[in-house]
Every structure is written in C-alpha cells, then in structure tokens.
$ cat input.cif   # mmCIF, C-alpha atoms
data_coords
#
loop_
_atom_site.label_atom_id
_atom_site.label_comp_id
_atom_site.auth_asym_id
_atom_site.auth_seq_id
_atom_site.Cartn_x
_atom_site.Cartn_y
_atom_site.Cartn_z
CA MET A 1 -37.67 -34.29 11.83
CA SER A 2 -35.39 -34.10 14.85
CA ASN A 3 -35.74 -36.39 17.85
CA ARG A 4 -37.19 -33.54 19.91
CA TYR A 5 -40.10 -33.10 17.50
CA GLU A 6 -40.56 -36.85 17.12
CA ASP A 7 -40.77 -37.14 20.92
CA ILE A 8 -43.36 -34.35 21.04
CA ILE A 9 -45.51 -36.05 18.42
CA LEU A 10 -45.18 -39.44 20.12
CA GLN A 11 -46.23 -37.95 23.47
CA ALA A 12 -49.11 -36.06 21.86
CA GLN A 13 -50.25 -39.23 20.09
CA LYS A 14 -50.75 -40.91 23.45
CA ILE A 15 -53.20 -38.28 24.75
CA ILE A 16 -54.82 -36.56 21.76
CA TYR A 17 -57.90 -38.19 20.33
CA CYS A 18 -60.48 -37.49 17.65
CA PRO A 19 -63.46 -35.78 19.31
CA ALA A 20 -65.82 -37.31 16.72
CA CYS A 21 -64.91 -41.01 16.99
CA GLY A 22 -62.81 -41.06 20.18
CA ARG A 23 -59.86 -42.98 18.77
CA HIS A 24 -56.27 -41.87 19.27
CA TYR A 25 -54.60 -40.52 16.17
CA GLU A 26 -51.88 -42.46 14.43
CA VAL A 27 -48.49 -40.72 14.36
CA SER A 28 -48.89 -40.24 10.60
CA GLU A 29 -52.09 -38.25 11.24
CA ILE A 30 -50.31 -35.66 13.43
CA LYS A 31 -48.48 -32.79 11.75
CA LEU A 32 -46.33 -30.16 13.47
CA ARG A 33 -47.46 -26.76 12.17
CA GLY A 34 -45.41 -24.44 14.37
CA CYS A 35 -43.76 -23.85 17.71
CA LEU A 36 -42.84 -21.03 20.03
CA ASP A 37 -40.63 -21.84 23.01
CA ASN A 38 -42.29 -24.90 24.56
CA ALA A 39 -45.71 -24.54 22.84
CA TYR A 40 -46.27 -26.66 19.75
CA ILE A 41 -49.15 -26.24 17.35
CA LEU A 42 -50.22 -29.59 15.98
CA GLN A 43 -52.77 -30.41 13.31
CA THR A 44 -54.49 -33.75 13.43
CA ILE A 45 -56.40 -35.24 10.52
CA CYS A 46 -58.58 -38.25 11.29
CA SER A 47 -58.31 -40.95 8.64
CA HIS A 48 -62.02 -41.64 9.21
CA GLY A 49 -62.88 -38.35 7.50
CA HIS A 50 -63.61 -36.24 10.56
CA ALA A 51 -62.82 -32.52 10.65
CA PRO A 52 -59.16 -31.54 11.21
CA LEU A 53 -58.26 -30.42 14.71
CA MET A 54 -55.69 -27.85 15.81
CA THR A 55 -54.05 -28.56 19.16
CA ILE A 56 -51.75 -26.46 21.31
CA PHE A 57 -49.38 -28.87 23.04
CA VAL A 58 -47.19 -27.43 25.81
CA THR A 59 -44.21 -29.21 27.31
CA SER A 60 -42.51 -28.13 30.51
CA TYR A 61 -39.60 -29.15 32.71
CA GLN A 62 -39.32 -28.48 36.43
CA ASN A 63 -35.97 -28.84 38.19
CA GLY A 64 -34.96 -32.14 36.62
CA ALA A 65 -38.41 -33.66 36.93
CA GLU A 66 -39.99 -35.67 34.17
CA LYS A 67 -41.36 -33.50 31.43
CA SER A 68 -45.08 -33.00 31.55
CA GLN A 69 -47.48 -32.16 28.77
CA VAL A 70 -50.57 -30.04 28.71
CA HIS A 71 -52.73 -29.92 25.67
CA LYS A 72 -55.77 -28.02 24.58
CA GLN A 73 -57.87 -29.35 21.76
CA VAL A 74 -59.61 -26.59 19.86
CA GLU A 75 -62.77 -27.72 18.17
CA ASN A 76 -64.60 -25.65 15.61
CA LYS A 77 -68.19 -25.73 16.88
CA GLU A 78 -69.59 -23.84 13.90
CA LYS A 79 -69.21 -24.58 10.20
CA LEU A 80 -66.86 -22.32 8.31
CA THR A 81 -68.43 -19.97 5.82
CA THR A 82 -67.03 -18.40 2.68
CA ASP A 83 -66.77 -15.12 4.60
CA ASP A 84 -64.65 -16.86 7.27
CA VAL A 85 -62.23 -18.08 4.60
CA ILE A 86 -62.01 -14.63 2.99
CA LYS A 87 -61.42 -12.97 6.37
CA ALA A 88 -58.71 -15.53 7.25
CA HIS A 89 -57.02 -14.96 3.88
CA GLN A 90 -57.02 -11.19 4.45
CA GLN A 91 -55.48 -11.62 7.91
CA ILE A 92 -52.80 -13.97 6.59
CA GLU A 93 -51.92 -11.48 3.86
CA LYS A 94 -51.37 -8.78 6.52
CA PHE A 95 -49.31 -11.04 8.82
CA ASN A 96 -45.56 -10.36 8.80
CA GLY A 97 -44.55 -13.84 10.03
CA ASP A 98 -43.25 -12.73 13.43
CA PHE A 99 -45.19 -14.66 16.13
CA ALA A 100 -43.02 -13.31 18.95
CA LYS A 101 -43.94 -9.76 17.95
CA LEU A 102 -47.59 -10.70 17.45
CA TRP A 103 -47.93 -12.32 20.88
CA GLY A 104 -45.58 -9.97 22.72
CA ASN A 105 -43.25 -11.06 25.48
CA LEU A 106 -44.70 -14.34 26.77
CA GLU A 107 -42.26 -14.80 29.63
#

$ encode --input "input.cif" --output "structure tokens"
Amino acid sequence: MSNRYEDIILQAQKIIYCPACGRHYEVSEIKLRGCLDNAYILQTICSHGHAPLMTIFVTSYQNGAEKSQVHKQVENKEKLTTDDVIKAHQQIEKFNGDFAKLWGNLE
C-alpha cells in the first residue's frame, strides 16, 4: 500500500468508530475497498464481532491548507434478507466496472 493510502487509513482510524461498541477501529480492521478522486470507500470490521461498516471518507485540500477529512458512516438499519443478496448479486453481474461512467461527471 502506498504512503497516500496508509495516510488515509491512519487519518480515518482516528475518527471512525464502531457504532455498536463505540471504540475506534484498529488500523488492521480498516480495509480500502475503492476510491474515486478524493473519495475513499473503506470497510471496517470490528474485532468484537459487530456488523461490518462501509464508510465514505473524503479528503480535500484548499490553497495549501492542511488537508481535512469528512466521513460518512453508513449503517445498515435493517437486517439483510436472502432477496437483498440475490438483488445485489444481479446488480453486480450487470455492472461494467466503470464508476466514473456510473456516477457521471462529479466535478
């Protein structure tokens, strides 16, 4: 992993916490799952057995200022069903792998 990604994970580790037990994740519990420009999709897996969490972590720079981070923790409020898994599988099968095309011009 490059220093840039290591820095992102280290910064995320300082502010992302398990919504079930409230403790900050260890670096080893944070996995980078994707990125687009300055938005990073992180998956966190609590070693205490709590549900995995997907987080969108955005970094930004403003005219030489310190970089700042914004994050959004996305909790699954409802339990996943078999139908949810089947629907997700069908969507993944259709996906062509081009996030930029999927999300359009984000600038």

$ atom_distance --input "input.cif" --atom1 "atom CA of Leu80 of chain A" --atom2 "atom CA of Ala20 of chain A"
17.2 Å

$ resolve_selection --input "input.cif" --expression "the PyMOL selection byres ((chain A and resi 19) around 10)" --output "list in words"
Ile16, Tyr17, Cys18, Ala20, Cys21, Gly22, Arg23, His24, Cys46, His50, Ala51, Leu53, Gln73, Val74 and Glu75 of chain A

$ residues_near_point --input "input.cif" --point "(-48.1, -42.5, 20.2)" --cutoff "10 Å" --atoms "only C-alpha atoms" --output "ChimeraX atom specification"
/A:6-16,24-28,30

$ atom_distance --input "input.cif" --atom1 "atom CA of His89 of chain A" --atom2 "atom CA of Lys31 of chain A"
21.3 Å

$ atom_distance --input "input.cif" --atom1 "atom CA of Gly34 of chain A" --atom2 "atom CA of Ile56 of chain A"
9.6 Å
